[in-house]
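J.: Coordinates in final06.cif, mmCIF, C-alpha atoms, are listed below.
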data_query
#
loop_
_atom_site.label_atom_id
_atom_site.label_comp_id
_atom_site.auth_asym_id
_atom_site.auth_seq_id
_atom_site.Cartn_x
_atom_site.Cartn_y
_atom_site.Cartn_z
CA MET A 1 0.00 0.00 0.00
CA PHE A 2 2.81 2.41 0.92
CA THR A 3 4.57 1.62 -2.38
CA ASP A 4 1.35 2.28 -4.31
CA ARG A 5 1.02 5.70 -2.69
CA ILE A 6 4.59 6.60 -3.68
CA LEU A 7 3.92 5.51 -7.26
CA ILE A 8 0.69 7.55 -7.46
CA ALA A 9 2.46 10.62 -6.05
CA THR A 10 5.32 10.24 -8.55
CA LEU A 11 2.92 9.99 -11.49
CA ALA A 12 1.11 13.10 -10.29
CA VAL A 13 4.39 15.07 -10.18
CA VAL A 14 5.35 13.89 -13.68
CA SER A 15 1.90 14.85 -15.03
CA LEU A 16 2.13 18.29 -13.41
CA ALA A 17 5.63 18.89 -14.83
CA SER A 18 4.45 17.86 -18.31
CA ALA A 19 1.46 20.19 -18.08
CA GLN A 20 3.70 23.13 -17.12
CA GLN A 21 6.06 22.70 -20.08
CA PRO A 22 5.42 25.23 -22.86
CA PRO A 23 4.06 23.79 -26.12
CA VAL A 24 6.56 23.21 -28.92
CA LYS A 25 5.82 25.28 -32.04
CA VAL A 26 7.04 23.92 -35.37
CA ASN A 27 7.18 26.18 -38.43
CA VAL A 28 7.20 24.36 -41.79
CA ILE A 29 8.73 26.45 -44.58
CA ASN A 30 7.48 25.69 -48.08
CA VAL A 31 10.60 26.39 -50.14
CA CYS A 32 9.29 24.96 -53.45
CA THR A 33 5.95 26.76 -53.74
CA PRO A 34 5.78 29.82 -51.46
CA SER A 35 2.43 31.58 -51.10
CA ALA A 36 1.42 34.68 -53.05
CA ASP A 37 2.17 36.87 -50.02
CA GLU A 38 5.62 35.29 -49.63
CA GLN A 39 6.33 35.77 -53.34
CA LYS A 40 5.46 39.45 -53.00
CA GLU A 41 7.68 39.76 -49.93
CA LEU A 42 10.60 38.17 -51.81
CA ALA A 43 10.13 40.47 -54.79
CA VAL A 44 9.86 43.61 -52.63
CA ALA A 45 12.98 42.69 -50.62
CA LEU A 46 15.06 42.04 -53.75
CA ALA A 47 13.89 45.35 -55.24
CA LYS A 48 15.39 47.15 -52.23
CA VAL A 49 18.91 45.86 -52.94
CA PRO A 50 21.09 48.77 -54.13
CA ALA A 51 21.41 48.70 -57.92
CA LYS A 52 24.36 51.10 -57.91
CA LEU A 53 27.22 49.65 -55.90
CA THR A 54 28.87 52.36 -53.84
CA PHE A 55 30.90 51.04 -50.93
CA ALA A 56 32.60 52.70 -47.98
CA ALA A 57 36.36 52.46 -47.51
CA ASP A 58 36.13 49.59 -44.99
CA TYR A 59 36.38 46.05 -46.32
CA GLU A 60 37.56 42.56 -45.41
CA VAL A 61 38.99 39.66 -47.42
CA SER A 62 39.64 36.30 -45.75
CA ARG A 63 40.32 32.74 -46.83
CA GLY A 64 40.64 29.43 -45.07
CA HIS A 65 40.31 25.66 -44.97
CA SER A 66 37.68 23.96 -42.80
CA THR A 67 37.52 20.26 -41.92
CA LEU A 68 34.48 18.32 -40.72
CA ASP A 69 34.88 14.98 -38.99
CA GLN A 70 32.33 12.26 -38.33
CA SER A 71 31.84 13.34 -34.68
CA THR A 72 30.42 16.72 -35.73
CA ALA A 73 26.65 16.58 -36.13
CA ILE A 74 25.06 19.07 -38.53
CA PRO A 75 21.25 19.22 -38.83
CA GLY A 76 20.04 18.10 -42.24
CA MET A 77 23.34 16.48 -43.19
CA GLN A 78 23.95 12.74 -43.32
CA PRO A 79 26.64 11.55 -40.87
CA LEU A 80 30.02 10.87 -42.38
CA PRO A 81 31.30 7.27 -42.43
CA ALA A 82 33.45 6.35 -39.46
CA GLY A 83 37.08 7.40 -39.90
CA SER A 84 36.39 9.77 -42.82
CA THR A 85 36.60 13.53 -43.03
CA SER A 86 35.24 16.16 -45.40
CA SER A 87 36.85 19.51 -45.99
CA ALA A 88 36.44 22.66 -48.03
CA ASP A 89 38.43 25.72 -49.00
CA TRP A 90 36.66 29.06 -48.83
CA VAL A 91 37.09 32.73 -49.62
CA ARG A 92 35.06 35.52 -48.00
CA VAL A 93 34.72 39.17 -48.98
CA ARG A 94 32.85 41.85 -47.04
CA ARG A 95 32.24 45.44 -48.05
CA GLU A 96 30.48 48.15 -46.05
CA PHE A 97 27.74 50.35 -47.48
CA PRO A 98 27.67 54.10 -46.76
CA GLY A 99 25.26 55.25 -44.06
CA SER A 100 22.72 56.56 -46.55
CA THR A 101 21.78 53.09 -47.82
CA PRO A 102 19.23 50.73 -46.16
CA PHE A 103 21.86 47.97 -45.90
CA THR A 104 24.94 47.88 -43.63
CA ASN A 105 27.18 45.51 -45.60
CA ALA A 106 27.42 42.90 -48.32
CA GLN A 107 29.22 39.64 -47.52
CA TYR A 108 30.13 37.25 -50.31
CA SER A 109 31.53 33.77 -49.75
CA PHE A 110 32.73 31.04 -52.10
CA SER A 111 33.40 27.51 -50.84
CA ILE A 112 34.65 24.48 -52.72
CA ASP A 113 35.01 20.84 -51.72
CA VAL A 114 35.50 17.61 -53.62
CA LYS A 115 31.94 17.60 -55.00
CA ASN A 116 30.48 21.10 -55.07
CA MET A 117 31.14 24.82 -55.30
CA VAL A 118 28.76 27.10 -53.39
CA GLU A 119 28.46 30.85 -53.83
CA THR A 120 26.54 32.92 -51.24
CA LEU A 121 25.76 36.64 -51.04
CA VAL A 122 24.34 38.02 -47.78
CA LEU A 123 23.01 41.57 -47.50
CA ARG A 124 22.33 42.81 -43.95
CA VAL A 125 19.67 45.44 -43.28
CA ARG A 126 20.61 48.57 -41.33
CA ASP A 127 17.31 48.98 -39.46
CA PRO A 128 15.86 45.47 -39.06
CA LYS A 129 12.30 46.25 -37.99
CA ASP A 130 11.02 43.28 -39.98
CA LEU A 131 13.57 42.13 -42.56
CA MET A 132 17.00 41.35 -41.10
CA GLN A 133 18.98 40.04 -44.06
CA ILE A 134 18.74 38.66 -47.57
CA SER A 135 20.70 35.56 -48.56
CA ILE A 136 21.19 34.52 -52.20
CA GLU A 137 22.91 31.24 -53.10
CA ASP A 138 23.90 29.16 -56.10
CA SER A 139 26.01 26.07 -56.60
CA ALA A 140 27.76 24.01 -59.26
CA SER A 141 29.63 20.75 -59.57
CA THR A 142 33.42 20.74 -59.26
CA VAL A 143 33.53 19.28 -62.76
CA ALA A 144 33.97 22.93 -63.70
CA THR A 145 36.66 25.23 -62.27
CA PRO A 146 35.95 28.15 -59.92
CA SER A 147 36.95 30.57 -62.70
CA ALA A 148 34.48 28.94 -65.09
CA MET A 149 31.67 29.07 -62.54
CA LEU A 150 32.30 32.75 -61.78
CA THR A 151 32.50 33.63 -65.45
CA SER A 152 29.31 31.83 -66.47
CA ASN A 153 26.94 33.66 -64.05
CA THR A 154 25.53 30.51 -62.47
CA PRO A 155 21.76 30.95 -61.88
CA VAL A 156 20.66 31.44 -58.29
CA SER A 157 19.15 28.33 -56.70
CA ARG A 158 18.05 29.61 -53.26
CA ILE A 159 16.78 32.91 -51.84
CA LYS A 160 16.15 33.41 -48.13
CA LEU A 161 14.73 36.32 -46.15
CA GLU A 162 15.62 36.32 -42.45
CA ARG A 163 12.87 38.18 -40.58
CA PHE A 164 12.78 39.64 -37.07
CA GLY A 165 10.54 37.54 -34.81
CA LYS A 166 9.02 35.65 -37.74
CA PRO A 167 9.83 32.48 -39.71
CA SER A 168 12.12 32.89 -42.69
CA VAL A 169 10.77 33.15 -46.23
CA VAL A 170 12.61 30.83 -48.64
CA LEU A 171 12.39 30.06 -52.33
CA ALA A 172 14.55 27.25 -53.72
CA ARG A 173 14.73 25.43 -57.04
CA CYS A 174 13.13 22.00 -56.63
CA SER A 175 14.06 19.28 -59.11
CA GLY A 176 11.38 16.79 -58.06
CA THR A 177 13.91 13.98 -57.59
CA GLU A 178 11.98 12.78 -54.51
CA GLY A 179 8.52 13.14 -56.03
CA PRO A 180 6.56 14.62 -58.95
CA PRO A 181 8.24 17.58 -60.72
CA THR A 182 7.30 20.96 -59.26
CA ASP A 183 6.07 23.66 -61.62
CA GLN A 184 8.04 26.75 -60.61
CA SER A 185 7.40 28.85 -63.70
CA ALA A 186 5.53 31.44 -61.61
CA TYR A 187 8.71 32.08 -59.58
CA MET A 188 11.06 32.63 -62.52
CA PRO A 189 10.93 36.47 -62.24
CA ILE A 190 12.11 36.19 -58.61
CA PHE A 191 14.94 33.80 -59.54
CA GLN A 192 15.94 36.07 -62.43
CA SER A 193 15.98 39.14 -60.18
CA ALA A 194 18.18 37.34 -57.64
CA SER A 195 20.51 36.06 -60.37
CA SER A 196 20.86 39.59 -61.71
CA ILE A 197 21.79 40.84 -58.23
CA MET A 198 24.39 38.08 -57.81
CA SER A 199 25.95 38.91 -61.19
CA ARG A 200 26.07 42.62 -60.35
CA TYR A 201 27.75 41.98 -56.99
CA ARG A 202 30.26 39.56 -58.51
CA ASP A 203 31.45 42.51 -60.58
CA GLY A 204 31.13 45.14 -57.85
CA LEU A 205 33.03 43.09 -55.27
CA GLY A 206 35.69 41.97 -57.76
CA VAL A 207 35.27 38.31 -56.88
CA ARG A 208 35.56 36.97 -60.43
CA ARG A 209 39.28 37.72 -60.26
CA MET A 210 39.82 37.67 -56.50
CA VAL A 211 38.36 34.26 -55.63
CA PRO A 212 40.55 32.19 -58.03
CA GLN A 213 43.62 34.09 -56.80
CA GLU A 214 42.81 33.45 -53.13
CA LEU A 215 42.03 29.78 -53.78
CA ALA A 216 45.39 29.43 -55.54
CA ARG A 217 47.06 30.67 -52.34
CA LEU A 218 45.30 27.82 -50.54
CA GLY A 219 46.75 25.32 -53.02
CA TRP A 220 43.62 24.75 -55.07
CA GLY A 221 44.47 23.48 -58.52
CA ALA A 222 47.72 21.83 -57.37
CA THR A 223 48.43 18.14 -57.95
CA THR A 224 46.68 17.19 -54.72
CA LYS A 225 43.09 18.37 -55.11
CA ALA A 226 41.80 20.37 -52.18
CA GLY A 227 39.10 18.97 -49.95
CA THR A 228 39.32 15.29 -50.92
CA ALA A 229 37.09 13.32 -48.54
CA GLY A 230 38.98 11.08 -46.19
CA THR A 231 42.29 12.93 -46.56
CA LYS A 232 43.95 16.02 -45.13
CA ARG A 233 46.26 18.41 -46.95
CA SER A 234 49.25 20.20 -45.57
CA PRO A 235 48.58 23.96 -45.15
#
Using the file provided, produce a representation of the structure as C-alpha cells.
T.:
Amino acid sequence: MFTDRILIATLAVVSLASAQQPPVKVNVINVCTPSADEQKELAVALAKVPAKLTFAADYEVSRGHSTLDQSTAIPGMQPLPAGSTSSADWVRVRREFPGSTPFTNAQYSFSIDVKNMVETLVLRVRDPKDLMQISIEDSASTVATPSAMLTSNTPVSRIKLERFGKPSVVLARCSGTEGPPTDQSAYMPIFQSASSIMSRYRDGLGVRRMVPQELARLGWGATTKAGTAGTKRSP
C-alpha cells in the first residue's frame, strides 16, 4: 500500500511537470511553392537591394580551410562514415555600405570541396524592424573550375529572407527527384531578379578575379586536389 502511494504521487508530479512545459511550435517552410504573399515579400525585398554599388572604404577579405569529422553533427546532413573527413576551401569578402543606404554591408563567400562549389551573397539590413537580411545562393559541380563558374553567371538556386521575430521566407529550385516535378514557372521572375543581383555583386566586389587568386594561395588546382574526402592536406 505504501509503495502504491509513492507511485501515485510520482505519477502526479510527472503529469504536473508535463502540463507546465510550454508547447513546442514547429514552423514548416514551403521552399518549393511559397504563397502569393511570400512571393510578394521576396520580390519587394530584392527590389530594395542597391542597384548602384557604392561602398565605404572599410572592407575585409579572408580565406581558409575547414575540416568536418564524423563526430560533428550538422542538422540536415547525413553523418560521415566512421574514420572519414570532409573539408572545403573558402574565400570571404565583405564590403560596407555608406550610411545613406538601407543595408549595412554585403558579404560574399565562395566555398569548394571535392563535389560542389557554393556561392553565397548576404546583405544585412541597417534597421531590421522586420527584414534582417537577404541571402542569395547558387552552386555548381566541381567538374567545372571556380573561374568557369564565376565567369558563367551561375543561376541562383536559393533565396532566403531572415525576418525579425518571424519564420524565414525561402524560395529554392526543386528538381522533383523525390517526387513529382514541381512547376516553378511562376517564380522565374524572382529567380531572375536574384541572379541579376548576384551577377552585379560579382562585378562590384571583384570576386571573379579575387576568388581564383585566393584559392590558388590555398593550393587549389595543385596536384593534390583540395578537400578530398577522407584525406587532409598540408597547409
J.: Would you kindly identify which residues have an atom no farther than 12 Å from (32.3, 27.0, -43.7), using all atoms listed in the file and the file's own coordinates, and write them out as a list in words?
T.: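 Here is the list of nearby residues: Arg63, Gly64, His65, Ser66, Thr67, Leu68, Ile74, Ser86, Ser87, Ala88, Asp89, Trp90, Val91, Arg92, Ser109, Phe110, Ser111, Ile112, Asp113, Met117, Val118, Glu119 and Thr120 of chain A.
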J.: Atoms to include: C-alpha atoms. Write the selected residues as a PDB file, in the coordinates of the input.
T.:
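Output file selection-v6.pdb follows:
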ATOM      1  CA  ARG A  63      40.320  32.740 -46.830  1.00  0.00           C
ATOM      2  CA  GLY A  64      40.640  29.430 -45.070  1.00  0.00           C
ATOM      3  CA  HIS A  65      40.310  25.660 -44.970  1.00  0.00           C
ATOM      4  CA  SER A  66      37.680  23.960 -42.800  1.00  0.00           C
ATOM      5  CA  THR A  67      37.520  20.260 -41.920  1.00  0.00           C
ATOM      6  CA  LEU A  68      34.480  18.320 -40.720  1.00  0.00           C
ATOM      7  CA  ILE A  74      25.060  19.070 -38.530  1.00  0.00           C
ATOM      8  CA  SER A  86      35.240  16.160 -45.400  1.00  0.00           C
ATOM      9  CA  SER A  87      36.850  19.510 -45.990  1.00  0.00           C
ATOM     10  CA  ALA A  88      36.440  22.660 -48.030  1.00  0.00           C
ATOM     11  CA  ASP A  89      38.430  25.720 -49.000  1.00  0.00           C
ATOM     12  CA  TRP A  90      36.660  29.060 -48.830  1.00  0.00           C
ATOM     13  CA  VAL A  91      37.090  32.730 -49.620  1.00  0.00           C
ATOM     14  CA  ARG A  92      35.060  35.520 -48.000  1.00  0.00           C
ATOM     15  CA  SER A 109      31.530  33.770 -49.750  1.00  0.00           C
ATOM     16  CA  PHE A 110      32.730  31.040 -52.100  1.00  0.00           C
ATOM     17  CA  SER A 111      33.400  27.510 -50.840  1.00  0.00           C
ATOM     18  CA  ILE A 112      34.650  24.480 -52.720  1.00  0.00           C
ATOM     19  CA  ASP A 113      35.010  20.840 -51.720  1.00  0.00           C
ATOM     20  CA  MET A 117      31.140  24.820 -55.300  1.00  0.00           C
ATOM     21  CA  VAL A 118      28.760  27.100 -53.390  1.00  0.00           C
ATOM     22  CA  GLU A 119      28.460  30.850 -53.830  1.00  0.00           C
ATOM     23  CA  THR A 120      26.540  32.920 -51.240  1.00  0.00           C
TER      24      THR A 120
END
J.: From the set A:Pro102, A:Pro167, A:Gly204, A:Pro212, which residue has the shortest atom-to-atom contact distance to Glu38 in chain A, counting all atoms listed in the file?
T.: A:Pro167
J.: Which residue out of A:Trp220, A:Pro98, A:Met188, A:Asp37 has the minimum interatomic distance to Thr142 in chain A when only C-alpha atoms are used?
T.: A:Trp220
J.: Using only C-alpha atoms, find the one residue out of A:Ala45, A:Lys166, A:Ala148, A:Ser199 that sits nearest to Arg124 in chain A.
T.: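 Checking each candidate against Arg124 in chain A, we get A:Ala45 as the closest.
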J.: Would you please work out which residue, of A:Val170, A:Val207, A:Ser62, A:Pro189, is nearest to Val31 in chain A when using all atoms listed in the file?
T.: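 That would be A:Val170, the residue with the smallest distance to Val31 in chain A.
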J.: Return as lines of an AutoDock Vina configuration file the centre and edge lengths, in Å with one decimal, of the box along x, y and z that encloses every atom of range 184-196 of chain A in the file, padded by 3 Å per side.
T.:
center_x = 13.2
center_y = 33.2
center_z = -60.7
size_x = 21.3
size_y = 18.8
size_z = 12.1
J.: Applied to the shown file, which residues does the PyMOL selection byres ((chain A and resi 173) around 10) return, written as a PyMOL selection string?
T.: chain A and resi 31-33+138+156-159+171-172+174-176+182-184+187-188+191
J.: State, in Å with one decimal place, the distance from CA of Lys48 in chain A to CA of Arg163 in chain A.
T.: 14.9 Å
J.: For range 194-218 of chain A, supply N, CA and C atoms and format the output as a PDB file, in the frame of the given file.
T.:
ATOM      1  N   ALA A 194      17.086  37.721 -58.547  1.00  0.00           N
ATOM      2  CA  ALA A 194      18.180  37.340 -57.640  1.00  0.00           C
ATOM      3  C   ALA A 194      19.455  37.034 -58.409  1.00  0.00           C
ATOM      4  N   SER A 195      19.330  36.370 -59.556  1.00  0.00           N
ATOM      5  CA  SER A 195      20.510  36.060 -60.370  1.00  0.00           C
ATOM      6  C   SER A 195      21.159  37.326 -60.902  1.00  0.00           C
ATOM      7  N   SER A 196      20.340  38.306 -61.248  1.00  0.00           N
ATOM      8  CA  SER A 196      20.860  39.590 -61.710  1.00  0.00           C
ATOM      9  C   SER A 196      21.634  40.300 -60.595  1.00  0.00           C
ATOM     10  N   ILE A 197      21.102  40.232 -59.375  1.00  0.00           N
ATOM     11  CA  ILE A 197      21.790  40.840 -58.230  1.00  0.00           C
ATOM     12  C   ILE A 197      23.131  40.140 -57.997  1.00  0.00           C
ATOM     13  N   MET A 198      23.142  38.812 -58.024  1.00  0.00           N
ATOM     14  CA  MET A 198      24.390  38.080 -57.810  1.00  0.00           C
ATOM     15  C   MET A 198      25.426  38.453 -58.864  1.00  0.00           C
ATOM     16  N   SER A 199      25.017  38.549 -60.120  1.00  0.00           N
ATOM     17  CA  SER A 199      25.950  38.910 -61.190  1.00  0.00           C
ATOM     18  C   SER A 199      26.512  40.315 -60.965  1.00  0.00           C
ATOM     19  N   ARG A 200      25.647  41.237 -60.572  1.00  0.00           N
ATOM     20  CA  ARG A 200      26.070  42.620 -60.350  1.00  0.00           C
ATOM     21  C   ARG A 200      27.082  42.708 -59.196  1.00  0.00           C
ATOM     22  N   TYR A 201      26.850  41.925 -58.151  1.00  0.00           N
ATOM     23  CA  TYR A 201      27.750  41.980 -56.990  1.00  0.00           C
ATOM     24  C   TYR A 201      29.035  41.193 -57.236  1.00  0.00           C
ATOM     25  N   ARG A 202      28.996  40.205 -58.111  1.00  0.00           N
ATOM     26  CA  ARG A 202      30.260  39.560 -58.510  1.00  0.00           C
ATOM     27  C   ARG A 202      31.198  40.603 -59.101  1.00  0.00           C
ATOM     28  N   ASP A 203      30.637  41.456 -59.948  1.00  0.00           N
ATOM     29  CA  ASP A 203      31.450  42.510 -60.580  1.00  0.00           C
ATOM     30  C   ASP A 203      31.850  43.573 -59.563  1.00  0.00           C
ATOM     31  N   GLY A 204      30.870  44.045 -58.778  1.00  0.00           N
ATOM     32  CA  GLY A 204      31.130  45.140 -57.850  1.00  0.00           C
ATOM     33  C   GLY A 204      32.120  44.790 -56.751  1.00  0.00           C
ATOM     34  N   LEU A 205      32.112  43.532 -56.323  1.00  0.00           N
ATOM     35  CA  LEU A 205      33.030  43.090 -55.270  1.00  0.00           C
ATOM     36  C   LEU A 205      34.352  42.565 -55.824  1.00  0.00           C
ATOM     37  N   GLY A 206      34.444  42.430 -57.132  1.00  0.00           N
ATOM     38  CA  GLY A 206      35.690  41.970 -57.760  1.00  0.00           C
ATOM     39  C   GLY A 206      36.013  40.517 -57.517  1.00  0.00           C
ATOM     40  N   VAL A 207      34.992  39.698 -57.265  1.00  0.00           N
ATOM     41  CA  VAL A 207      35.270  38.310 -56.880  1.00  0.00           C
ATOM     42  C   VAL A 207      35.600  37.403 -58.063  1.00  0.00           C
ATOM     43  N   ARG A 208      35.233  37.806 -59.275  1.00  0.00           N
ATOM     44  CA  ARG A 208      35.560  36.970 -60.430  1.00  0.00           C
ATOM     45  C   ARG A 208      37.069  36.772 -60.536  1.00  0.00           C
ATOM     46  N   ARG A 209      37.823  37.795 -60.216  1.00  0.00           N
ATOM     47  CA  ARG A 209      39.280  37.720 -60.260  1.00  0.00           C
ATOM     48  C   ARG A 209      39.859  37.310 -58.901  1.00  0.00           C
ATOM     49  N   MET A 210      39.266  37.859 -57.829  1.00  0.00           N
ATOM     50  CA  MET A 210      39.820  37.670 -56.500  1.00  0.00           C
ATOM     51  C   MET A 210      39.718  36.240 -55.992  1.00  0.00           C
ATOM     52  N   VAL A 211      38.565  35.598 -56.180  1.00  0.00           N
ATOM     53  CA  VAL A 211      38.360  34.260 -55.630  1.00  0.00           C
ATOM     54  C   VAL A 211      39.356  33.242 -56.196  1.00  0.00           C
ATOM     55  N   PRO A 212      39.540  33.129 -57.529  1.00  0.00           N
ATOM     56  CA  PRO A 212      40.550  32.190 -58.030  1.00  0.00           C
ATOM     57  C   PRO A 212      41.950  32.475 -57.492  1.00  0.00           C
ATOM     58  N   GLN A 213      42.295  33.749 -57.341  1.00  0.00           N
ATOM     59  CA  GLN A 213      43.620  34.090 -56.800  1.00  0.00           C
ATOM     60  C   GLN A 213      43.769  33.631 -55.357  1.00  0.00           C
ATOM     61  N   GLU A 214      42.738  33.863 -54.541  1.00  0.00           N
ATOM     62  CA  GLU A 214      42.810  33.450 -53.130  1.00  0.00           C
ATOM     63  C   GLU A 214      42.799  31.936 -52.988  1.00  0.00           C
ATOM     64  N   LEU A 215      42.039  31.243 -53.834  1.00  0.00           N
ATOM     65  CA  LEU A 215      42.030  29.780 -53.780  1.00  0.00           C
ATOM     66  C   LEU A 215      43.386  29.213 -54.194  1.00  0.00           C
ATOM     67  N   ALA A 216      44.051  29.878 -55.124  1.00  0.00           N
ATOM     68  CA  ALA A 216      45.390  29.430 -55.540  1.00  0.00           C
ATOM     69  C   ALA A 216      46.362  29.517 -54.370  1.00  0.00           C
ATOM     70  N   ARG A 217      46.195  30.533 -53.522  1.00  0.00           N
ATOM     71  CA  ARG A 217      47.060  30.670 -52.340  1.00  0.00           C
ATOM     72  C   ARG A 217      46.812  29.547 -51.337  1.00  0.00           C
ATOM     73  N   LEU A 218      45.608  28.952 -51.402  1.00  0.00           N
ATOM     74  CA  LEU A 218      45.300  27.820 -50.540  1.00  0.00           C
ATOM     75  C   LEU A 218      45.741  26.492 -51.144  1.00  0.00           C
TER      76      LEU A 218
END
